[in-house]
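Notes follow once the structure below has been shown.
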Amino acid sequence: MLAMKNLAAISMALALAIPLGACKGSDKDKGAGGGGSGEAGGSGGGASSGTIKIVSSLPRTGSGNAVSGAMVNGIRLALAEAKNKAGAFTIVYEDWDDASAKKGDWDPEVEAANADKAVKDPNVMAYIGTYNSGAAKISMPVLNRAGLVMISPGNTYSGLTKPGMGESNEPDIYRPSGKLGFFRVVPADDLQGAMGARWMKQLGAKTVYVLDARDLYGRGIADVFEQTAGDIGLRVVGREGIDPRAQEYKSVMTKIKATNPDFVYFGGTTQNNAGQVAKDMLAVGLTAKLMAPDGCFDSAFIQASGAENLNGRTFITFGGVPPDKLTGLGATFVKNYRAAYGKDPEAYGVYGYVAAQVAIAAIAKAGSKDREAIRAAVEAYKTEDSALGPFSFDKNGDTTMAVMSGNEVKEGKFEFKTLLSNE
Amino acid sequence: MAGQKKGAAAGSGRRRPAWLRLEVVIVPLLLLYPFFPVLDQLVQAVFDTSLRLDRQLVNIFIFAILALALNLQVGYAGLLQLGIAAFFAIGAFSTGILTVGKYPFQIGFWGALVAAPALAGTAGLALGAPTIRLRGDYLAIVTLGFGEVTRVVLLNLENITDGSRGLNPLPSPWLPDWLTSAAAGDATGRMHFLAMYYVALLLLAGLVIVFRTLERTRQGREFVALREDELATACMGINPARTKLIAFAAGAAIAGLAGALYATNLTTTAEPNTYDFTYSIMVLCCVIIGGLGSLRGVLLGAAVLLTFDNVLSPLLTNLIQRHLAGGGSGHVLTSFTNWRWLIFGLALVLMMRLRPEGLWPSSRVKAELHHKQEEP
Amino acid sequence: METFAQQIILGLVNGMVFALIALGYTMVYGILELINFAHGDLFMLASFLALTLVGMLGLDAASSGASLAIAIPGIIVICVVFAGGLNWVVDRLVYRPLRGAPKLAPLVSAIGVSFMFMNLGLFWGGLPMDVFGHGTAAAAPKGFPDLLPGTNLLGDSSLRITVKDLVVVLSSLAVMLGLFLFVTRTRLGKAMRATAQNPTAARLMGIDVDRVIGATFLMGGALAGFAAVIYGLYINTIHFQMGYQNGLYAFTAAVLGGIGNIPGAVLGGLVIGLLRALSDQYVGAQWQQAVLFGILIAILVFRPQGLFGSTAREKV
């Protein structure tokens, strides 16, 4: 009871004291969004030097952190290499969590709050995120309305950018301002799903059983895979979803065994229990090969499955060339990453790195602390060389990089097999 | 133990002056906060980072409504309900289906505010009717199971719910033009925020008033009697099953209302996995932390839990990062977010250890415990 | 028909593993009626210990039968002691001070402990050991080496009953039988049942209720430790969040079987295993949880007294 009285007293004191501070604040910086109306936040008056914040919003609590860790490392590496400078500006990076303890995964409330916080903070000029496309759906319209540029290292759901790929009203609903505000350095699902199907056919498959993990990523990629497979004469003998939290999948594998497919395609990630899928295929004597998208392109997948269970029968597609095959800037990235963190970069690390580089370059080019100028600079971004090779952004905000690699697991390591194309 | 006596005296129906004072302070503060976000400005000025407490307050209001719903079921009627998220989800998805542009209904937010509780309440009735007679733990399994069934069905009925994509965008509440223009236009989404803030706050306040009244009515006393001793209650001529079913369905309907607010506030239903067993358990946590059956306690519990998880944790993360080389990323032990569950869990354990009957227990529960201690 | 038989076998073996986890659950649940959300996470921690030991001993699929025959029982003993001891300590520090508190208060503490354990599991997964995938993310699922041979006992038949299945079933049955005998025959077991039925009366009869409850936590934890090793050997993947689903099943099995009813919990586990397998085969894997819990709800509607219907207790 006493505590509550104190609380009341404190809130009263605060209520009295703070308006003074607030007035001072809004005198100093009119754009800071004080008082009631400044929702769009400030653009800092277009200053040409000073401090600029880049924030990232990625799941840092729970299993999502397994991937975000690499992305954040990538972002930090890019900033360190730029000596935290973009043109005349000093860059401050903040690593925000879009997960909550109570949910243990990305939380819609938190992602919405992060977007709002970024908009309201007059120093934030670029928003790197998200990892989960469901989260992007929430923050995209908020950031777009405020003209704050969003660069995604991890969202692959096609409907976020491409007309006709998702719902009929996508992607316009994410662009209330009518301008492009969302750019992704990672290739979308439609590309990867389709290339996977073509590669599988090249590998000599006639029939395939498609599984997905019932999430936005796996489901989307498996849908495109299934559709392309039908178009190119690869017979889909079954389609099913699995619960990524289930302990094991021997029963569903037994069911698949009866259809005797050449391949199983799993739309999902290592965190979606891909290792268990690989193991339980063998456990019930299902000898089909396994193909999975880039969500499984990490060493954790090989560790979780057991290398001996993957060798020679596991094929993974990945947007870009795998780290150890990279030359030029890509090789430098791998070398520096290893030096900084003592381990090899996982698949999404390079996307985090490139996303941060795009943000830095755009801020430097815009040369002013102005959200619209920076957004326009990202839209016009074009590089002849990066850790992912040359790319720019197309009219939807997608990366023009369309190089995908097919990798096979051999001797407990990913081995680059072939470059994939969409023809 | 002077406070104890005072609490017991207040329990006999007279208003407690302290509570009155608190109400007088908090309600106006909350009403004014969106226009004078003083704490946000303080944090921005001191720490150079935005807090957006005003936005989080909407989440807290919605979560508090959900906690009140569960309190009706668990705290008043003594039903162990482990699947409140199912009704929350039904509210959110029925709001989605009834308002998005791709379906012909498009009844708008205000319509959904009526329809969503009705649908969730009907679902509660349908689940409760055959199962409400089950003993406590079996009912717990039924509700837990219903939560899982609902989540999986929403996830797999892609043609209706869009599965893991979720339904979006949900329209903002319709408001008369003069109001919209008075509040600086809708260009920045501020109108959406203000509408959600006040709708949620007023609904929460309305529910609190309803519940406070309920505590003094026959129906309210029936609930409590039932919770305390079902057999004796039945002997007094009250039909326990009927009374329990009323509480269960009403709780489900209020959870549906919270779902409608949640989805509209986010402008998307989000993926069905959002409404999983963990969510149900967190709501139950709030209710118990605050104090089962205590209105003030439940509100406080919801506020404490969400403030800690959604407001304080991110702020702390941010501040710690600034003072660690390399932001503390890299190793698993040096990233603050990797410690969140440990701190969260420890907080729950300590809170129960220090205040087993809840942060702000109802005077009735407190009196009972006190009584029990003296008896032997 | 053969597919059906295969699914029944898979369902039963999996069900045996779930039953094993449920046993530890039902012990504590029976005596305190505490829905122990931390049980699944205790089980998870024990599985991380098992994997650590496997890594330290350098065991893998190629290890010889003789070395496994010595090492695996050793690992089981260590995990049993660890999990039992940890559960006892948690009871002592967390639940025991709440004995007089409202019924649901320990539930929140259990959730808190569950979060703390989960966090410890996360740190544990980040240990710099090859068996944890040195350098991979701490939060990633960890592969548990496939130590038991997957040889088919039926030779070339396409119906599979493996050595692994047999080991799991036999060892689980042995533990279940032992536990059943312990609870029905020994003095401590009888004290546990007396305490479960009526703590006040038990105290009046000279039973040290706190000690008995402590012993129950010890046993419940020990069972979780045993289950963790079997789980690792059979399922072959562990993850710091795996306590969630396993705890959910354990709780469900324990309640279905009747409070504190040991054969009931086993039956509950088996029912869950069978329902999962059959729904995967005949309905679709994406509906697994819905079919499972849908049928369980239906069972309770038609048999409101649970699977073993003798447990209706009325306190007057």
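Residue names in the structure tokens use chain letters A, B, ... in the order shown, residue numbers from 1 in each chain, and ligand numbers from 1 in the order shown.
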
Next item on the list: Please provide as an NGL selection string all residues within 8 Å of Gly267 of chain A, with the sequence filter that same-chain residues fewer than 4 positions apart are discarded (counting only C-alpha atoms).
Entry: :A and (210-213 or 217-219 or 221-222 or 292-293)

Item checked: Neighbour list for Ala71 of chain C as number ranges by chain, cut-off 12 Å, only C-alpha atoms, skip fewer than 4 positions in-chain -> C: 50, 53-60, 63-67, 75-78, 147, 229

Note to self: What parts of segment 73-200 of chain B does DSSP call helix (DSSP H, G or I)? I'd like the answer as a ChimeraX atom specification.
What the structure shows: /B:73-76,84-99,108-131,136-156,158-161,163-165,177-182,190-200

Set out as a tab-separated table a contact list for chain A and chain C with a cut-off of 8 Å, giving each residue of chain A that qualifies its closest atom pair and distance in Å to one decimal, counting only C-alpha atoms, ordered by chain and rising residue number.
residue	atom	partner	partner_atom	distance
A:Gly62	CA	C:Ala139	CA	6.8
A:Ser63	CA	C:Ala139	CA	5.1
A:Gly64	CA	C:Ala139	CA	7.7
A:Asn65	CA	C:Ala139	CA	6.6
A:Ala66	CA	C:Ala137	CA	4.9
A:Val67	CA	C:Ala137	CA	7.5
A:Gly69	CA	C:Ala137	CA	7.6
A:Arg214	CA	C:Gln286	CA	7.7
A:Glu240	CA	C:Ala285	CA	6.4
A:Gly241	CA	C:Gln286	CA	4.5
A:Ile242	CA	C:Gln286	CA	5.0
A:Asp243	CA	C:Gln286	CA	6.3
A:Arg245	CA	C:Gln245	CA	6.7
A:Ala246	CA	C:Gln245	CA	7.0
A:Gln247	CA	C:Ile235	CA	7.2
A:Glu248	CA	C:Ile235	CA	6.5
A:Lys250	CA	C:Leu10	CA	7.3
A:Ser251	CA	C:Ala277	CA	5.3
A:Val252	CA	C:Asp280	CA	5.5
A:Thr254	CA	C:Thr3	CA	7.5
A:Lys255	CA	C:Gln281	CA	5.7
A:Thr270	CA	C:Ala140	CA	7.3
A:Gln271	CA	C:Ala140	CA	6.3
A:Asn273	CA	C:Pro141	CA	7.2
A:Gly275	CA	C:Gly143	CA	7.5
A:Gln276	CA	C:Thr237	CA	6.6
A:Ala283	CA	C:Gly150	CA	7.2
A:Val284	CA	C:Arg160	CA	7.5
A:Ser299	CA	C:Thr136	CA	6.3
A:Ala300	CA	C:Thr136	CA	5.4
A:Gln303	CA	C:Gly133	CA	5.5
A:Ala304	CA	C:Gly143	CA	3.7
A:Ser305	CA	C:Gly143	CA	5.7
A:Gly306	CA	C:Gly143	CA	6.1
A:Lys343	CA	C:Gly135	CA	6.1

Written file, previous selection with C-alpha atoms, as a PDB file, in the first residue's frame:
ATOM      1  CA  GLY A  62      14.811 -16.932 -28.299  1.00  0.00           C
ATOM      2  CA  SER A  63      15.553 -19.191 -31.191  1.00  0.00           C
ATOM      3  CA  GLY A  64      15.401 -16.435 -33.816  1.00  0.00           C
ATOM      4  CA  ASN A  65      18.593 -15.086 -32.312  1.00  0.00           C
ATOM      5  CA  ALA A  66      20.446 -18.022 -33.847  1.00  0.00           C
ATOM      6  CA  VAL A  67      20.203 -16.213 -37.177  1.00  0.00           C
ATOM      7  CA  GLY A  69      23.284 -12.952 -34.249  1.00  0.00           C
ATOM      8  CA  ARG A 214       3.682 -23.627 -41.792  1.00  0.00           C
ATOM      9  CA  GLU A 240       2.080 -31.368 -46.173  1.00  0.00           C
ATOM     10  CA  GLY A 241       2.919 -29.026 -43.325  1.00  0.00           C
ATOM     11  CA  ILE A 242       4.767 -30.028 -40.199  1.00  0.00           C
ATOM     12  CA  ASP A 243       4.711 -28.534 -36.741  1.00  0.00           C
ATOM     13  CA  ARG A 245       7.805 -27.704 -32.427  1.00  0.00           C
ATOM     14  CA  ALA A 246       6.995 -31.390 -32.766  1.00  0.00           C
ATOM     15  CA  GLN A 247       9.542 -33.781 -31.298  1.00  0.00           C
ATOM     16  CA  GLU A 248       9.950 -35.995 -34.358  1.00  0.00           C
ATOM     17  CA  LYS A 250       8.777 -40.495 -38.189  1.00  0.00           C
ATOM     18  CA  SER A 251       5.075 -40.971 -38.795  1.00  0.00           C
ATOM     19  CA  VAL A 252       4.846 -38.452 -41.594  1.00  0.00           C
ATOM     20  CA  THR A 254       6.483 -43.340 -43.056  1.00  0.00           C
ATOM     21  CA  LYS A 255       3.545 -41.925 -44.936  1.00  0.00           C
ATOM     22  CA  THR A 270      17.192 -24.955 -39.182  1.00  0.00           C
ATOM     23  CA  GLN A 271      15.169 -23.408 -36.363  1.00  0.00           C
ATOM     24  CA  ASN A 273      13.631 -28.469 -36.969  1.00  0.00           C
ATOM     25  CA  GLY A 275      17.719 -31.398 -38.758  1.00  0.00           C
ATOM     26  CA  GLN A 276      15.039 -33.669 -37.368  1.00  0.00           C
ATOM     27  CA  ALA A 283      15.229 -43.481 -39.494  1.00  0.00           C
ATOM     28  CA  VAL A 284      12.201 -44.914 -41.290  1.00  0.00           C
ATOM     29  CA  SER A 299      26.538 -25.012 -39.935  1.00  0.00           C
ATOM     30  CA  ALA A 300      23.915 -25.488 -37.223  1.00  0.00           C
ATOM     31  CA  GLN A 303      25.415 -30.152 -36.590  1.00  0.00           C
ATOM     32  CA  ALA A 304      21.748 -30.757 -35.757  1.00  0.00           C
ATOM     33  CA  SER A 305      21.328 -33.401 -38.438  1.00  0.00           C
ATOM     34  CA  GLY A 306      24.616 -35.161 -37.944  1.00  0.00           C
ATOM     35  CA  LYS A 343      34.100 -18.030 -36.656  1.00  0.00           C
TER      36      LYS A 343
END

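Residue nearest chain A, chosen from B:Ile246, B:Val332, B:Val224, B:Leu119 and counting only C-alpha atoms: B:Val332.
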
Margin query: Which residues are near Lys382 of chain A? Cut-off 12 Å, only C-alpha atoms, ignore same chain within fewer than 2 positions. Put them as a PyMOL selection string.
Written below: chain A and resi 185+357-358+361-362+365+377-380+384-386+389-394+399-401

Please, could you write that set of residues out with C-alpha atoms as a PDB file, in the first residue's frame?
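The file below, part31.pdb, is the result:
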ATOM      1  CA  VAL A 185      19.265  -7.181 -50.259  1.00  0.00           C
ATOM      2  CA  GLN A 357      26.778  -0.878 -46.291  1.00  0.00           C
ATOM      3  CA  VAL A 358      23.811   0.277 -48.361  1.00  0.00           C
ATOM      4  CA  ALA A 361      26.576   4.663 -48.619  1.00  0.00           C
ATOM      5  CA  ALA A 362      23.147   6.253 -48.910  1.00  0.00           C
ATOM      6  CA  LYS A 365      25.622  10.267 -50.716  1.00  0.00           C
ATOM      7  CA  ALA A 377      19.731   7.647 -52.192  1.00  0.00           C
ATOM      8  CA  VAL A 378      18.927   4.060 -51.284  1.00  0.00           C
ATOM      9  CA  GLU A 379      16.477   3.838 -54.178  1.00  0.00           C
ATOM     10  CA  ALA A 380      19.203   5.038 -56.520  1.00  0.00           C
ATOM     11  CA  GLU A 384      29.591  -2.532 -59.133  1.00  0.00           C
ATOM     12  CA  ASP A 385      31.020  -4.702 -56.422  1.00  0.00           C
ATOM     13  CA  SER A 386      29.964  -5.837 -53.006  1.00  0.00           C
ATOM     14  CA  GLY A 389      28.518  -9.008 -56.213  1.00  0.00           C
ATOM     15  CA  PRO A 390      27.126  -6.120 -58.261  1.00  0.00           C
ATOM     16  CA  PHE A 391      23.519  -5.147 -57.600  1.00  0.00           C
ATOM     17  CA  SER A 392      21.037  -2.313 -57.381  1.00  0.00           C
ATOM     18  CA  PHE A 393      17.349  -2.128 -56.500  1.00  0.00           C
ATOM     19  CA  ASP A 394      14.605  -2.632 -59.069  1.00  0.00           C
ATOM     20  CA  THR A 399      17.752  -6.590 -55.217  1.00  0.00           C
ATOM     21  CA  THR A 400      18.692  -7.115 -58.842  1.00  0.00           C
ATOM     22  CA  MET A 401      21.132  -9.735 -57.729  1.00  0.00           C
TER      23      MET A 401
END

Next item on the list: Please report as a PyMOL selection string which residues of chain B come no farther than 9 Å from chain C, using only C-alpha atoms.
Entry: chain B and resi 130-131+133-135+137-139+141-146+148-153+155-156+229+231-232+278+281-282+284-285+288-289+292+331-333+338-353+356-358+365+369+373

Restricting it to C-alpha atoms, dump the selection as a PDB file, in the first residue's frame.
ATOM      1  CA  PRO B 130     -20.390 -29.801 -22.612  1.00  0.00           C
ATOM      2  CA  THR B 131     -17.240 -29.396 -20.524  1.00  0.00           C
ATOM      3  CA  ARG B 133     -18.916 -29.758 -15.319  1.00  0.00           C
ATOM      4  CA  LEU B 134     -15.443 -31.274 -15.578  1.00  0.00           C
ATOM      5  CA  ARG B 135     -13.233 -31.198 -12.512  1.00  0.00           C
ATOM      6  CA  ASP B 137      -7.703 -30.086 -13.976  1.00  0.00           C
ATOM      7  CA  TYR B 138      -9.702 -31.706 -16.742  1.00  0.00           C
ATOM      8  CA  LEU B 139     -11.157 -28.356 -17.590  1.00  0.00           C
ATOM      9  CA  ILE B 141      -6.735 -29.689 -20.333  1.00  0.00           C
ATOM     10  CA  VAL B 142      -9.892 -28.927 -22.300  1.00  0.00           C
ATOM     11  CA  THR B 143      -9.078 -25.228 -22.441  1.00  0.00           C
ATOM     12  CA  LEU B 144      -5.412 -25.856 -23.178  1.00  0.00           C
ATOM     13  CA  GLY B 145      -6.423 -28.257 -25.938  1.00  0.00           C
ATOM     14  CA  PHE B 146      -8.950 -25.816 -27.342  1.00  0.00           C
ATOM     15  CA  GLU B 148      -4.002 -25.558 -29.555  1.00  0.00           C
ATOM     16  CA  VAL B 149      -6.898 -26.627 -31.788  1.00  0.00           C
ATOM     17  CA  THR B 150      -7.813 -23.013 -32.478  1.00  0.00           C
ATOM     18  CA  ARG B 151      -4.241 -22.048 -33.312  1.00  0.00           C
ATOM     19  CA  VAL B 152      -3.761 -24.971 -35.694  1.00  0.00           C
ATOM     20  CA  VAL B 153      -7.119 -24.471 -37.371  1.00  0.00           C
ATOM     21  CA  LEU B 155      -3.024 -21.673 -39.317  1.00  0.00           C
ATOM     22  CA  ASN B 156      -4.318 -24.281 -41.732  1.00  0.00           C
ATOM     23  CA  ASP B 229     -17.069 -24.035  -1.997  1.00  0.00           C
ATOM     24  CA  LEU B 231     -20.841 -28.048  -2.759  1.00  0.00           C
ATOM     25  CA  ALA B 232     -22.094 -25.513  -0.245  1.00  0.00           C
ATOM     26  CA  THR B 278       2.637 -19.258 -23.928  1.00  0.00           C
ATOM     27  CA  ILE B 281       0.116 -18.604 -19.616  1.00  0.00           C
ATOM     28  CA  MET B 282       1.454 -15.057 -19.559  1.00  0.00           C
ATOM     29  CA  LEU B 284      -2.574 -16.175 -16.242  1.00  0.00           C
ATOM     30  CA  CYS B 285       0.715 -14.988 -14.761  1.00  0.00           C
ATOM     31  CA  ILE B 288      -1.903 -14.355 -10.290  1.00  0.00           C
ATOM     32  CA  ILE B 289       0.911 -11.847  -9.827  1.00  0.00           C
ATOM     33  CA  LEU B 292      -6.527 -13.521  -8.091  1.00  0.00           C
ATOM     34  CA  HIS B 331      29.393 -14.404 -27.410  1.00  0.00           C
ATOM     35  CA  VAL B 332      26.196 -15.822 -26.036  1.00  0.00           C
ATOM     36  CA  LEU B 333      26.887 -14.618 -22.483  1.00  0.00           C
ATOM     37  CA  ASN B 338      20.290 -13.558 -23.867  1.00  0.00           C
ATOM     38  CA  TRP B 339      19.754 -12.913 -20.165  1.00  0.00           C
ATOM     39  CA  ARG B 340      16.189 -11.723 -20.497  1.00  0.00           C
ATOM     40  CA  TRP B 341      14.492 -14.960 -19.545  1.00  0.00           C
ATOM     41  CA  LEU B 342      16.740 -15.448 -16.561  1.00  0.00           C
ATOM     42  CA  ILE B 343      15.838 -12.022 -15.220  1.00  0.00           C
ATOM     43  CA  PHE B 344      12.196 -12.380 -16.151  1.00  0.00           C
ATOM     44  CA  GLY B 345      11.970 -15.799 -14.514  1.00  0.00           C
ATOM     45  CA  LEU B 346      13.787 -14.624 -11.411  1.00  0.00           C
ATOM     46  CA  ALA B 347      11.424 -11.672 -11.143  1.00  0.00           C
ATOM     47  CA  LEU B 348       8.420 -14.001 -11.262  1.00  0.00           C
ATOM     48  CA  VAL B 349       9.903 -16.284  -8.615  1.00  0.00           C
ATOM     49  CA  LEU B 350      10.821 -13.415  -6.305  1.00  0.00           C
ATOM     50  CA  MET B 351       7.463 -11.721  -6.688  1.00  0.00           C
ATOM     51  CA  MET B 352       5.664 -14.871  -5.622  1.00  0.00           C
ATOM     52  CA  ARG B 353       8.100 -15.440  -2.820  1.00  0.00           C
ATOM     53  CA  PRO B 356       2.404 -15.043  -2.526  1.00  0.00           C
ATOM     54  CA  GLU B 357      -1.117 -13.682  -2.454  1.00  0.00           C
ATOM     55  CA  GLY B 358      -0.354 -11.211  -5.242  1.00  0.00           C
ATOM     56  CA  VAL B 365      -8.467 -13.197  -0.130  1.00  0.00           C
ATOM     57  CA  LEU B 369      -5.255 -15.962   4.452  1.00  0.00           C
ATOM     58  CA  GLN B 373      -2.866 -18.254   9.768  1.00  0.00           C
TER      59      GLN B 373
END

Margin query: Can you pull out the residues contacting Tyr25 of chain C? Cut-off 10 Å, using only C-alpha atoms, and skip same-chain residues under 3 positions away; I want them as a list of chain:residue names.
Written below: C:Ala19, C:Leu20, C:Ile21, C:Ala22, C:Val28, C:Tyr29, C:Gly30, C:Leu34, C:Ile35, C:Asn36, C:Phe37, C:Ala38, C:His39, C:Gly40, C:Phe217, C:Met219, C:Gly220, C:Gly221, C:Leu223, C:Ala224, C:Gly247, C:Ala250, C:Phe251, C:Thr252, C:Ala253, C:Ala254, C:Val255, C:Gly260, C:Ala265

Next item on the list: Would you mind writing down, as a count of residues only, each residue of segment 264-419 of chain A that DSSP on the backbone assigns to strand (DSSP E)?
Entry: 32

Checklist line | Atom-to-atom span, atom CA of Gly164 of chain A and atom CA of Glu226 of chain A, Å | finding: 17.2 Å

Notebook entry, point to check: In Å, with one decimal, what is the gap from atom CA of Ala234 of chain B to atom CA of Gln73 of chain B?
Noted result: 18.3 Å

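The coordinates place atom CA of Leu167 of chain B at 5.4 Å from atom CA of Thr269 of chain B.
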
Next item on the list: Pick out the chain B residues within 6 Å of chain A. Count only C-alpha atoms. Give them as a PyMOL selection string.
Entry: chain B and resi 35-36+38+50+52+164-165+188+337+341

Write the residues you've just listed into a file as an mmCIF file, in the first residue's frame, and include N, CA and C atoms for each of them.
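Dumped everything to out25.cif:
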data_model
loop_
_atom_site.group_PDB
_atom_site.id
_atom_site.type_symbol
_atom_site.label_atom_id
_atom_site.label_comp_id
_atom_site.auth_asym_id
_atom_site.auth_seq_id
_atom_site.Cartn_x
_atom_site.Cartn_y
_atom_site.Cartn_z
ATOM 1 N N PHE B 35 -1.191 13.550 -25.073
ATOM 2 C CA PHE B 35 -0.878 14.925 -25.458
ATOM 3 C C PHE B 35 0.306 15.493 -24.688
ATOM 4 N N PHE B 36 0.592 14.878 -23.546
ATOM 5 C CA PHE B 36 1.761 15.307 -22.771
ATOM 6 C C PHE B 36 2.612 14.089 -22.415
ATOM 7 N N VAL B 38 5.137 12.977 -21.141
ATOM 8 C CA VAL B 38 6.251 13.533 -20.379
ATOM 9 C C VAL B 38 7.388 12.535 -20.171
ATOM 10 N N SER B 50 14.134 6.926 -27.962
ATOM 11 C CA SER B 50 12.700 7.114 -27.763
ATOM 12 C C SER B 50 12.106 5.913 -27.051
ATOM 13 N N ARG B 52 8.379 5.657 -26.418
ATOM 14 C CA ARG B 52 7.018 5.405 -26.897
ATOM 15 C C ARG B 52 6.179 4.719 -25.849
ATOM 16 N N SER B 164 -0.431 -18.316 -42.128
ATOM 17 C CA SER B 164 0.634 -17.615 -41.429
ATOM 18 C C SER B 164 0.828 -16.192 -41.956
ATOM 19 N N ARG B 165 0.208 -15.876 -43.102
ATOM 20 C CA ARG B 165 0.333 -14.495 -43.588
ATOM 21 C C ARG B 165 -0.473 -13.544 -42.721
ATOM 22 N N THR B 188 -0.295 10.906 -40.647
ATOM 23 C CA THR B 188 0.805 10.256 -39.955
ATOM 24 C C THR B 188 0.375 9.073 -39.101
ATOM 25 N N THR B 337 20.276 -9.448 -24.264
ATOM 26 C CA THR B 337 18.986 -10.084 -24.554
ATOM 27 C C THR B 337 19.015 -11.566 -24.234
ATOM 28 N N TRP B 341 15.351 -13.972 -20.195
ATOM 29 C CA TRP B 341 14.492 -14.960 -19.545
ATOM 30 C C TRP B 341 14.930 -15.221 -18.114
#
